Every structure is written in C-alpha cells, then in structure tokens.
>>> print(open('final.cif').read())   # mmCIF, C-alpha atoms
data_run
loop_
_atom_site.label_atom_id
_atom_site.label_comp_id
_atom_site.auth_asym_id
_atom_site.auth_seq_id
_atom_site.Cartn_x
_atom_site.Cartn_y
_atom_site.Cartn_z
CA MET O 1 142.69 -248.35 -94.87
CA MET O 2 145.67 -246.34 -93.62
CA ALA O 3 145.17 -243.99 -90.69
CA SER O 4 146.48 -240.98 -92.62
CA GLY O 5 144.32 -241.59 -95.65
CA LYS O 6 140.85 -240.80 -96.91
CA TRP O 7 139.08 -242.50 -99.78
CA LEU O 8 138.33 -241.33 -103.27
CA VAL O 9 135.51 -243.21 -104.99
CA ALA O 10 135.89 -243.25 -108.77
CA SER O 11 133.74 -245.20 -111.20
CA GLY O 12 132.90 -247.80 -108.56
CA LEU O 13 136.54 -248.23 -107.46
CA ILE O 14 137.87 -247.02 -104.13
CA LEU O 15 141.33 -245.41 -104.22
CA SER O 16 143.42 -244.13 -101.32
CA VAL O 17 144.63 -240.58 -101.91
CA PHE O 18 146.07 -239.90 -98.44
CA LEU O 19 144.13 -236.84 -97.37
CA ALA O 20 144.24 -235.06 -94.03
CA CYS O 21 140.94 -233.69 -92.79
CA SER O 22 140.17 -230.63 -90.66
CA GLN O 23 136.96 -229.38 -89.06
CA ASN O 24 136.47 -226.61 -91.61
CA PHE O 25 135.77 -229.06 -94.43
CA THR O 26 139.14 -228.99 -96.15
CA ASN O 27 141.37 -231.86 -97.26
CA SER O 28 145.02 -231.80 -98.29
CA HIS O 29 147.09 -234.31 -100.22
CA LYS O 30 150.23 -235.44 -98.39
CA PHE O 31 152.35 -233.68 -101.06
CA TYR O 32 150.62 -230.35 -100.58
CA SER O 33 152.62 -227.65 -98.78
CA SER O 34 151.37 -224.20 -99.81
CA PRO O 35 149.27 -222.34 -102.41
CA PRO O 36 150.82 -221.54 -105.79
CA ALA O 37 153.14 -218.54 -105.86
CA LYS O 38 151.85 -215.34 -107.41
CA THR O 39 153.92 -216.00 -110.54
CA GLU O 40 152.47 -219.50 -111.03
CA SER O 41 150.14 -220.29 -113.91
CA VAL O 42 146.69 -221.50 -112.90
CA GLY O 43 143.97 -222.67 -115.27
CA VAL O 44 140.50 -221.71 -114.03
CA VAL O 45 137.90 -224.24 -115.12
CA GLN O 46 134.66 -222.62 -116.30
CA LEU O 47 131.59 -223.57 -114.28
CA ASP O 48 129.21 -225.04 -116.86
CA ASP O 49 127.05 -227.63 -115.01
CA ALA O 50 128.79 -226.78 -111.72
CA PHE O 51 126.62 -223.65 -111.55
CA MET O 52 123.32 -224.25 -109.77
CA LEU O 53 120.75 -221.53 -109.19
CA THR O 54 117.89 -222.23 -106.80
CA ARG O 55 114.68 -220.18 -106.76
CA THR O 56 115.29 -218.79 -110.24
CA SER O 57 111.98 -216.88 -110.27
CA TRP O 58 112.98 -214.98 -107.11
CA PHE O 59 116.32 -213.93 -108.60
CA ALA O 60 114.72 -213.07 -111.94
CA GLU O 61 112.27 -210.74 -110.21
CA LYS O 62 114.85 -209.11 -107.93
CA LEU O 63 117.46 -208.61 -110.67
CA ASN O 64 114.93 -207.72 -113.35
CA ILE O 65 116.15 -210.41 -115.73
CA GLN O 66 113.84 -212.60 -117.81
CA GLY O 67 113.45 -216.05 -116.31
CA ASP O 68 114.45 -217.92 -119.46
CA SER O 69 117.82 -216.15 -119.61
CA ILE O 70 118.75 -215.57 -115.96
CA TYR O 71 120.56 -218.89 -115.55
CA ASP O 72 122.86 -218.27 -118.50
CA LYS O 73 123.51 -214.62 -117.62
CA LEU O 74 124.36 -215.29 -113.99
CA GLU O 75 126.57 -218.25 -114.87
CA LYS O 76 128.60 -216.17 -117.36
CA LEU O 77 128.84 -213.29 -114.89
CA THR O 78 130.01 -215.65 -112.15
CA ASP O 79 132.65 -217.19 -114.44
CA SER O 80 134.04 -213.74 -115.25
CA LEU O 81 134.07 -212.67 -111.58
CA ILE O 82 135.86 -215.85 -110.50
CA LEU O 83 138.51 -215.38 -113.19
CA SER O 84 138.96 -211.73 -112.25
CA GLU O 85 139.29 -212.42 -108.51
CA LEU O 86 141.73 -215.29 -108.96
CA SER O 87 143.87 -213.13 -111.28
CA LYS O 88 144.71 -211.02 -108.23
CA SER O 89 146.55 -214.03 -106.80
CA TRP O 90 147.93 -215.89 -109.84
CA ASN O 91 148.62 -215.79 -113.56
CA VAL O 92 145.29 -217.27 -114.65
CA SER O 93 143.76 -218.47 -117.89
CA ALA O 94 140.32 -219.89 -118.64
CA VAL O 95 139.82 -223.63 -119.18
CA SER O 96 136.89 -224.23 -121.52
CA LYS O 97 133.63 -225.97 -120.71
CA LYS O 98 134.46 -228.47 -123.45
CA ASP O 99 137.55 -229.57 -121.49
CA ARG O 100 135.48 -229.83 -118.32
CA GLU O 101 133.05 -232.20 -120.03
CA LYS O 102 135.88 -234.73 -120.35
CA PHE O 103 136.62 -234.77 -116.61
CA SER O 104 135.79 -237.88 -114.58
CA LYS O 105 133.03 -237.76 -111.97
CA GLU O 106 134.17 -238.92 -108.54
CA THR O 107 133.16 -238.63 -104.89
CA LEU O 108 135.52 -237.27 -102.25
CA LYS O 109 135.15 -237.96 -98.55
CA MET O 110 135.86 -234.80 -96.59
CA ASP O 111 134.95 -235.90 -93.07
CA LYS O 112 133.14 -238.75 -91.35
CA THR O 113 129.79 -237.76 -92.85
CA ILE O 114 130.78 -235.13 -95.42
CA PHE O 115 131.07 -236.09 -99.09
CA ILE O 116 131.39 -233.88 -102.15
CA LYS O 117 130.91 -234.72 -105.81
CA THR O 118 133.97 -233.81 -107.87
CA ARG O 119 135.08 -233.55 -111.50
CA PHE O 120 138.79 -234.28 -112.08
CA PRO O 121 140.84 -234.61 -115.29
CA GLU O 122 141.71 -238.13 -116.32
CA GLN O 123 145.00 -239.48 -115.03
CA GLY O 124 147.92 -238.76 -117.33
CA VAL O 125 146.12 -235.92 -119.11
CA GLU O 126 147.39 -232.35 -118.77
CA ILE O 127 144.89 -229.58 -119.43
CA GLY O 128 146.53 -226.70 -121.28
CA ASN O 129 149.92 -225.40 -120.16
CA SER O 130 149.14 -224.31 -116.61
CA ASN O 131 150.95 -225.76 -113.61
CA TYR O 132 147.71 -225.97 -111.62
CA LEU O 133 143.97 -226.03 -112.17
CA PHE O 134 141.39 -224.35 -109.96
CA ILE O 135 138.23 -226.44 -110.25
CA ILE O 136 134.86 -225.57 -108.73
CA HIS O 137 132.87 -228.80 -108.61
CA GLU O 138 129.53 -227.37 -107.46
CA TYR O 139 128.57 -223.72 -107.11
CA THR O 140 125.14 -223.29 -105.55
CA VAL O 141 123.39 -219.92 -105.39
CA GLY O 142 120.26 -219.34 -103.32
CA GLY O 143 118.85 -218.06 -100.05
CA ASP O 144 119.32 -219.36 -96.50
CA LEU O 145 121.27 -222.39 -97.73
CA ASP O 146 123.17 -224.63 -95.30
CA ALA O 147 126.23 -226.50 -96.63
CA GLU O 148 125.64 -229.41 -94.29
CA ASN O 149 122.24 -230.04 -95.86
CA PHE O 150 124.00 -230.49 -99.22
CA TYR O 151 127.06 -232.51 -98.25
CA ASP O 152 126.38 -234.28 -94.94
CA TYR O 153 124.80 -237.60 -95.88
CA THR O 154 123.03 -237.82 -92.51
CA LYS O 155 120.98 -234.77 -93.59
CA ALA O 156 120.33 -235.89 -97.15
CA ASN O 157 116.56 -236.00 -96.66
CA VAL O 158 116.21 -232.49 -95.21
CA GLU O 159 113.79 -230.49 -97.35
CA MET O 160 114.44 -226.83 -98.17
CA SER O 161 111.51 -224.59 -97.32
CA GLN O 162 110.15 -222.41 -100.11
CA LYS O 163 110.35 -219.05 -98.39
CA LYS O 164 108.90 -215.91 -99.89
CA LYS O 165 111.63 -213.87 -98.19
CA PHE O 166 115.21 -214.78 -97.34
CA ASN O 167 117.29 -213.69 -94.38
CA ASN O 168 120.53 -214.28 -96.28
CA PHE O 169 121.80 -214.50 -99.83
CA SER O 170 123.82 -217.74 -99.92
CA ILE O 171 126.64 -219.12 -102.04
CA ILE O 172 128.06 -222.58 -101.37
CA ALA O 173 131.04 -223.79 -103.40
CA THR O 174 133.14 -226.95 -103.41
CA PHE O 175 136.55 -226.67 -105.04
CA THR O 176 139.92 -228.32 -105.65
CA LEU O 177 143.38 -227.03 -106.42
CA TRP O 178 144.65 -229.63 -108.89
CA ASP O 179 148.29 -230.32 -109.78
CA ASN O 180 148.16 -230.33 -113.58
CA LYS O 181 151.56 -232.00 -113.91
CA LYS O 182 151.21 -234.78 -111.34
CA GLN O 183 147.42 -235.13 -111.80
CA ILE O 184 146.61 -235.13 -108.09
CA PRO O 185 144.08 -233.14 -105.99
CA LEU O 186 146.33 -231.00 -103.78
CA ARG O 187 143.66 -229.36 -101.64
CA SER O 188 139.86 -229.46 -101.63
CA GLY O 189 137.32 -227.56 -99.60
CA VAL O 190 133.78 -226.33 -99.04
CA VAL O 191 133.01 -222.64 -98.56
CA SER O 192 129.73 -221.07 -97.51
CA VAL O 193 129.10 -217.33 -97.73
CA GLN O 194 126.03 -215.58 -96.35
CA THR O 195 125.11 -211.95 -97.02
CA PRO O 196 122.18 -210.55 -94.98
CA ILE O 197 119.17 -209.40 -97.00
CA LYS O 198 117.63 -206.37 -95.34
CA GLU O 199 113.99 -205.44 -95.90
CA ASP O 200 113.79 -207.93 -98.78
CA VAL O 201 116.12 -205.78 -100.89
CA PHE O 202 118.42 -207.62 -103.31
CA ASN O 203 120.32 -206.25 -106.31
CA MET O 204 123.21 -206.97 -108.65
CA ASP O 205 125.74 -205.23 -106.41
CA ILE O 206 124.96 -207.72 -103.65
CA PHE O 207 125.28 -210.61 -106.09
CA VAL O 208 128.65 -209.39 -107.40
CA ASN O 209 130.16 -208.55 -104.02
CA THR O 210 129.08 -211.86 -102.48
CA THR O 211 130.49 -213.76 -105.44
CA LYS O 212 133.84 -212.04 -104.95
CA GLN O 213 133.72 -212.88 -101.26
CA ALA O 214 133.08 -216.55 -102.06
CA VAL O 215 136.18 -216.67 -104.28
CA GLN O 216 138.29 -215.02 -101.60
CA GLU O 217 137.06 -217.59 -99.07
CA CYS O 218 138.24 -220.35 -101.42
CA ILE O 219 141.67 -218.73 -101.61
CA LYS O 220 141.85 -218.48 -97.81
CA LYS O 221 141.35 -222.24 -97.51
CA LEU O 222 144.35 -223.00 -99.72
#
>>> encode(input="final.cif", output="structure tokens")
Amino acid sequence: MMASGKWLVASGLILSVFLACSQNFTNSHKFYSSPPAKTESVGVVQLDDAFMLTRTSWFAEKLNIQGDSIYDKLEKLTDSLILSELSKSWNVSAVSKKDREKFSKETLKMDKTIFIKTRFPEQGVEIGNSNYLFIIHEYTVGGDLDAENFYDYTKANVEMSQKKKFNNFSIIATFTLWDNKKQIPLRSGVVSVQTPIKEDVFNMDIFVNTTKQAVQECIKKL
C-alpha cells in the first residue's frame, strides 16, 4: 500500500485510488484541485434508497403526514431541495433513480476507522452529458444522530436510544463529487447538521431549512 493512498473495496477486490484524508472526514483524489466552476454542468443523482428516515412515526406526528406516505413525501421533497440548492452553484440536471440502480456498491475508507458505503457508476460508463455527478450515498434523517455511530466501525454496536423527545433534528449525509468523463471519485465527505428542537416543537420549516443547510455543508467540503 502506498503512503499517499487509501483503499477502495469493490466487489471483493481492493483497489488503490490514492486519496488524501483530513480530520473532517473528507477524501480527495490526487487529480482533484477545486470544485466545478459555476458554468460547469453537474448531474445530481436522485436519492432513492440513499434516503433513510428514522423514527418515522415521530416525524409523521410532528409534520401531520400519514405514516404510510411520509417516507415518499419527504424523499421527494429532499430531492427537490437538493437540486434547488445545488443550482445556486452549478448548472444542474437530475439523474434518474433508474440510472442510480445501475451503480456499483463499494466501500470507501475515509480515515483509520471511518468507512462509508458508496454507489458509483461503472467504469467506462458516462451518465448523461454532465461533466460531473453529485452523488449522495446515504442521507439519514432523525434526531440526536451521531455520524461516528454510523461510520466508525469501532462504534458499530452502539444502540440508538428510542427517545420520546429530541434535543436536535439531525441530518447526516455522505457524498461524492464524481468526474463523469474520467470515472473517478474526485472528493468524498461526511456532513452532519444539527438543528436544536426547542420545547419539542418541530415543523416543515425546520425540515426544509436544515435540509438546505446540509446541502450547503456538502458544498463547503468541496
């Protein structure tokens, strides 16, 4: 293993992708220099199974949405908010869930004990006409969530308590900026956003504003 590299585990094979790690859970490919320019085209991959909602009954009650439809409604809302926020930085277009289903499942080592599950396009396959893809691998919505409990393998057995009340509304997202022409992961990261919940009050405005904040945190890590 080379000192400048990290390992990408794909379908049982271990491949060196030469990533540099930092303490804020971000990795960059050796060819990465800066985020796409504002005029660049970026395909935004729709969430589909990347969207994970914990404590659905709590959110259904607080947002006054029927439990059997809340997952679908919040996923679609989140997709639209992500696309809207990213459009402030780039020329974006939506990449369908059907395209996402064809991506390969892999595991990316971020730090000594931090691993994230990823979904990347197959090598040699361009998705649409965009120069880059913005891919969210996992997007977890809940309360009082800690990113380390999800992605640090030394804490894999930590159980989440089933609280009746939360101190914070939490969003944790793992993402990659993908070079659609070279088929390489340029930069990957983990973001965690916490919005205080005061007096057990939660509404759609809090959900929307925190979602926007999560997207902006992703952009800051690029």
>>> residues_around(input="final.cif", residues="Ile171 (chain O)", least_positions_apart="6", cutoff="7 Å", atoms="only C-alpha atoms", output="VMD selection string")
chain O and resid 140 to 142 192 to 194 214
>>> residues_around(input="final.cif", residues="region 33-36 of chain O", least_positions_apart="4", cutoff="12 Å", atoms="only C-alpha atoms", output="PDB file with C-alpha atoms, keeping the file's coordinate frame")
ATOM      1  CA  SER O  28     145.020-231.800 -98.290  1.00  0.00           C
ATOM      2  CA  HIS O  29     147.090-234.310-100.220  1.00  0.00           C
ATOM      3  CA  GLU O  40     152.470-219.500-111.030  1.00  0.00           C
ATOM      4  CA  SER O  41     150.140-220.290-113.910  1.00  0.00           C
ATOM      5  CA  VAL O  42     146.690-221.500-112.900  1.00  0.00           C
ATOM      6  CA  GLY O  43     143.970-222.670-115.270  1.00  0.00           C
ATOM      7  CA  LEU O  86     141.730-215.290-108.960  1.00  0.00           C
ATOM      8  CA  SER O  89     146.550-214.030-106.800  1.00  0.00           C
ATOM      9  CA  TRP O  90     147.930-215.890-109.840  1.00  0.00           C
ATOM     10  CA  ASN O  91     148.620-215.790-113.560  1.00  0.00           C
ATOM     11  CA  VAL O  92     145.290-217.270-114.650  1.00  0.00           C
ATOM     12  CA  SER O 130     149.140-224.310-116.610  1.00  0.00           C
ATOM     13  CA  ASN O 131     150.950-225.760-113.610  1.00  0.00           C
ATOM     14  CA  TYR O 132     147.710-225.970-111.620  1.00  0.00           C
ATOM     15  CA  LEU O 133     143.970-226.030-112.170  1.00  0.00           C
ATOM     16  CA  PHE O 134     141.390-224.350-109.960  1.00  0.00           C
ATOM     17  CA  THR O 176     139.920-228.320-105.650  1.00  0.00           C
ATOM     18  CA  LEU O 177     143.380-227.030-106.420  1.00  0.00           C
ATOM     19  CA  TRP O 178     144.650-229.630-108.890  1.00  0.00           C
ATOM     20  CA  ASP O 179     148.290-230.320-109.780  1.00  0.00           C
ATOM     21  CA  LEU O 186     146.330-231.000-103.780  1.00  0.00           C
ATOM     22  CA  ARG O 187     143.660-229.360-101.640  1.00  0.00           C
ATOM     23  CA  SER O 188     139.860-229.460-101.630  1.00  0.00           C
ATOM     24  CA  CYS O 218     138.240-220.350-101.420  1.00  0.00           C
ATOM     25  CA  ILE O 219     141.670-218.730-101.610  1.00  0.00           C
ATOM     26  CA  LYS O 220     141.850-218.480 -97.810  1.00  0.00           C
ATOM     27  CA  LYS O 221     141.350-222.240 -97.510  1.00  0.00           C
ATOM     28  CA  LEU O 222     144.350-223.000 -99.720  1.00  0.00           C
TER      29      LEU O 222
END
>>> atom_distance(input="final.cif", atom1="CA of Tyr151 (chain O)", atom2="CA of Asp205 (chain O)")
28.5 Å
>>> atom_distance(input="final.cif", atom1="CA of Trp58 (chain O)", atom2="CA of Asp72 (chain O)")
15.4 Å
>>> residues_around(input="final.cif", residues="Lys182 (chain O)", least_positions_apart="5", cutoff="9 Å", atoms="all atoms listed in the file", output="list in words")
Gln123, Gly124 and Glu126 of chain O
>>> closest_residue(input="final.cif", among="O:Tyr32, O:Tyr139, O:Phe59, O:Phe103", to="Phe207 (chain O)", atoms="all atoms listed in the file")
O:Phe59
>>> closest_residue(input="final.cif", among="O:Ala37, O:Leu83, O:Glu217, O:Thr154", to="Lys112 (chain O)", atoms="only C-alpha atoms")
O:Thr154
>>> closest_residue(input="final.cif", among="O:Ala147, O:Val125, O:Leu77, O:Val215", to="Ile184 (chain O)", atoms="all atoms listed in the file")
O:Val125
>>> atom_distance(input="final.cif", atom1="CA of Gln66 (chain O)", atom2="CA of Lys198 (chain O)")
23.6 Å
>>> closest_residue(input="final.cif", among="O:Ile127, O:Asp200, O:Met110, O:Lys73", to="Phe169 (chain O)", atoms="all atoms listed in the file")
O:Asp200
>>> closest_residue(input="final.cif", among="O:Thr195, O:Gln46, O:Asn167, O:Asn64", to="Ser96 (chain O)", atoms="all atoms listed in the file")
O:Gln46
>>> closest_residue(input="final.cif", among="O:Ile65, O:Ala60, O:Ala173, O:Leu53", to="Ile82 (chain O)", atoms="all atoms listed in the file")
O:Ala173
>>> residues_around(input="final.cif", residues="Ser104 (chain O)", least_positions_apart="3", cutoff="10 Å", atoms="only C-alpha atoms", output="ChimeraX atom specification")
/O:10-11,100-101,118-123
>>> build_atoms(input="final.cif", residues="region 180-203 of chain O", atoms="N, CA, C and O atoms", output="PDB file, keeping the file's coordinate frame")
ATOM      1  N   ASN O 180     148.365-229.963-112.178  1.00  0.00           N
ATOM      2  CA  ASN O 180     148.160-230.330-113.580  1.00  0.00           C
ATOM      3  C   ASN O 180     149.295-231.179-114.134  1.00  0.00           C
ATOM      4  O   ASN O 180     149.144-231.793-115.186  1.00  0.00           O
ATOM      5  N   LYS O 181     150.430-231.197-113.450  1.00  0.00           N
ATOM      6  CA  LYS O 181     151.560-232.000-113.910  1.00  0.00           C
ATOM      7  C   LYS O 181     151.534-233.403-113.307  1.00  0.00           C
ATOM      8  O   LYS O 181     151.777-234.389-114.000  1.00  0.00           O
ATOM      9  N   LYS O 182     151.230-233.485-112.024  1.00  0.00           N
ATOM     10  CA  LYS O 182     151.210-234.780-111.340  1.00  0.00           C
ATOM     11  C   LYS O 182     149.826-235.428-111.367  1.00  0.00           C
ATOM     12  O   LYS O 182     149.675-236.583-111.001  1.00  0.00           O
ATOM     13  N   GLN O 183     148.809-234.662-111.765  1.00  0.00           N
ATOM     14  CA  GLN O 183     147.420-235.130-111.800  1.00  0.00           C
ATOM     15  C   GLN O 183     146.953-235.649-110.440  1.00  0.00           C
ATOM     16  O   GLN O 183     146.488-236.776-110.299  1.00  0.00           O
ATOM     17  N   ILE O 184     147.083-234.792-109.433  1.00  0.00           N
ATOM     18  CA  ILE O 184     146.610-235.130-108.090  1.00  0.00           C
ATOM     19  C   ILE O 184     145.837-233.941-107.502  1.00  0.00           C
ATOM     20  O   ILE O 184     146.153-232.792-107.803  1.00  0.00           O
ATOM     21  N   PRO O 185     144.814-234.213-106.660  1.00  0.00           N
ATOM     22  CA  PRO O 185     144.080-233.140-105.990  1.00  0.00           C
ATOM     23  C   PRO O 185     144.868-232.660-104.778  1.00  0.00           C
ATOM     24  O   PRO O 185     144.939-233.345-103.761  1.00  0.00           O
ATOM     25  N   LEU O 186     145.475-231.483-104.865  1.00  0.00           N
ATOM     26  CA  LEU O 186     146.330-231.000-103.780  1.00  0.00           C
ATOM     27  C   LEU O 186     145.530-230.576-102.557  1.00  0.00           C
ATOM     28  O   LEU O 186     145.880-230.916-101.437  1.00  0.00           O
ATOM     29  N   ARG O 187     144.462-229.822-102.780  1.00  0.00           N
ATOM     30  CA  ARG O 187     143.660-229.360-101.640  1.00  0.00           C
ATOM     31  C   ARG O 187     142.226-229.129-102.111  1.00  0.00           C
ATOM     32  O   ARG O 187     141.994-228.521-103.166  1.00  0.00           O
ATOM     33  N   SER O 188     141.283-229.613-101.320  1.00  0.00           N
ATOM     34  CA  SER O 188     139.860-229.460-101.630  1.00  0.00           C
ATOM     35  C   SER O 188     139.152-228.836-100.437  1.00  0.00           C
ATOM     36  O   SER O 188     139.607-228.965 -99.295  1.00  0.00           O
ATOM     37  N   GLY O 189     138.043-228.181-100.699  1.00  0.00           N
ATOM     38  CA  GLY O 189     137.320-227.560 -99.600  1.00  0.00           C
ATOM     39  C   GLY O 189     135.885-227.207 -99.951  1.00  0.00           C
ATOM     40  O   GLY O 189     135.466-227.287-101.103  1.00  0.00           O
ATOM     41  N   VAL O 190     135.159-226.810 -98.913  1.00  0.00           N
ATOM     42  CA  VAL O 190     133.780-226.330 -99.040  1.00  0.00           C
ATOM     43  C   VAL O 190     133.731-224.948 -98.414  1.00  0.00           C
ATOM     44  O   VAL O 190     134.205-224.749 -97.293  1.00  0.00           O
ATOM     45  N   VAL O 191     133.194-223.973 -99.132  1.00  0.00           N
ATOM     46  CA  VAL O 191     133.010-222.640 -98.560  1.00  0.00           C
ATOM     47  C   VAL O 191     131.528-222.282 -98.594  1.00  0.00           C
ATOM     48  O   VAL O 191     130.802-222.688 -99.503  1.00  0.00           O
ATOM     49  N   SER O 192     131.113-221.535 -97.601  1.00  0.00           N
ATOM     50  CA  SER O 192     129.730-221.070 -97.510  1.00  0.00           C
ATOM     51  C   SER O 192     129.754-219.593 -97.133  1.00  0.00           C
ATOM     52  O   SER O 192     130.353-219.218 -96.123  1.00  0.00           O
ATOM     53  N   VAL O 193     129.133-218.768 -97.970  1.00  0.00           N
ATOM     54  CA  VAL O 193     129.100-217.330 -97.730  1.00  0.00           C
ATOM     55  C   VAL O 193     127.659-216.876 -97.613  1.00  0.00           C
ATOM     56  O   VAL O 193     126.808-217.265 -98.423  1.00  0.00           O
ATOM     57  N   GLN O 194     127.387-216.068 -96.597  1.00  0.00           N
ATOM     58  CA  GLN O 194     126.030-215.580 -96.350  1.00  0.00           C
ATOM     59  C   GLN O 194     126.059-214.055 -96.262  1.00  0.00           C
ATOM     60  O   GLN O 194     126.805-213.491 -95.468  1.00  0.00           O
ATOM     61  N   THR O 195     125.247-213.401 -97.078  1.00  0.00           N
ATOM     62  CA  THR O 195     125.110-211.950 -97.020  1.00  0.00           C
ATOM     63  C   THR O 195     123.687-211.598 -96.574  1.00  0.00           C
ATOM     64  O   THR O 195     122.719-212.002 -97.232  1.00  0.00           O
ATOM     65  N   PRO O 196     123.524-210.880 -95.461  1.00  0.00           N
ATOM     66  CA  PRO O 196     122.180-210.550 -94.980  1.00  0.00           C
ATOM     67  C   PRO O 196     121.365-209.762 -96.008  1.00  0.00           C
ATOM     68  O   PRO O 196     121.887-208.874 -96.684  1.00  0.00           O
ATOM     69  N   ILE O 197     120.098-210.130 -96.147  1.00  0.00           N
ATOM     70  CA  ILE O 197     119.170-209.400 -97.000  1.00  0.00           C
ATOM     71  C   ILE O 197     118.255-208.572 -96.104  1.00  0.00           C
ATOM     72  O   ILE O 197     117.480-209.111 -95.322  1.00  0.00           O
ATOM     73  N   LYS O 198     118.377-207.269 -96.213  1.00  0.00           N
ATOM     74  CA  LYS O 198     117.630-206.370 -95.340  1.00  0.00           C
ATOM     75  C   LYS O 198     116.400-205.825 -96.055  1.00  0.00           C
ATOM     76  O   LYS O 198     116.490-205.347 -97.183  1.00  0.00           O
ATOM     77  N   GLU O 199     115.267-205.951 -95.384  1.00  0.00           N
ATOM     78  CA  GLU O 199     113.990-205.440 -95.900  1.00  0.00           C
ATOM     79  C   GLU O 199     113.676-205.984 -97.287  1.00  0.00           C
ATOM     80  O   GLU O 199     113.115-205.293 -98.131  1.00  0.00           O
ATOM     81  N   ASP O 200     114.071-207.228 -97.529  1.00  0.00           N
ATOM     82  CA  ASP O 200     113.790-207.930 -98.780  1.00  0.00           C
ATOM     83  C   ASP O 200     114.372-207.229-100.000  1.00  0.00           C
ATOM     84  O   ASP O 200     113.866-207.362-101.117  1.00  0.00           O
ATOM     85  N   VAL O 201     115.465-206.490 -99.792  1.00  0.00           N
ATOM     86  CA  VAL O 201     116.120-205.780-100.890  1.00  0.00           C
ATOM     87  C   VAL O 201     117.310-206.591-101.387  1.00  0.00           C
ATOM     88  O   VAL O 201     118.193-206.965-100.614  1.00  0.00           O
ATOM     89  N   PHE O 202     117.317-206.889-102.694  1.00  0.00           N
ATOM     90  CA  PHE O 202     118.420-207.620-103.310  1.00  0.00           C
ATOM     91  C   PHE O 202     118.685-207.029-104.678  1.00  0.00           C
ATOM     92  O   PHE O 202     117.759-206.736-105.429  1.00  0.00           O
ATOM     93  N   ASN O 203     119.972-206.829-105.019  1.00  0.00           N
ATOM     94  CA  ASN O 203     120.320-206.250-106.310  1.00  0.00           C
ATOM     95  C   ASN O 203     121.614-206.857-106.839  1.00  0.00           C
ATOM     96  O   ASN O 203     122.229-207.704-106.187  1.00  0.00           O
TER      97      ASN O 203
END
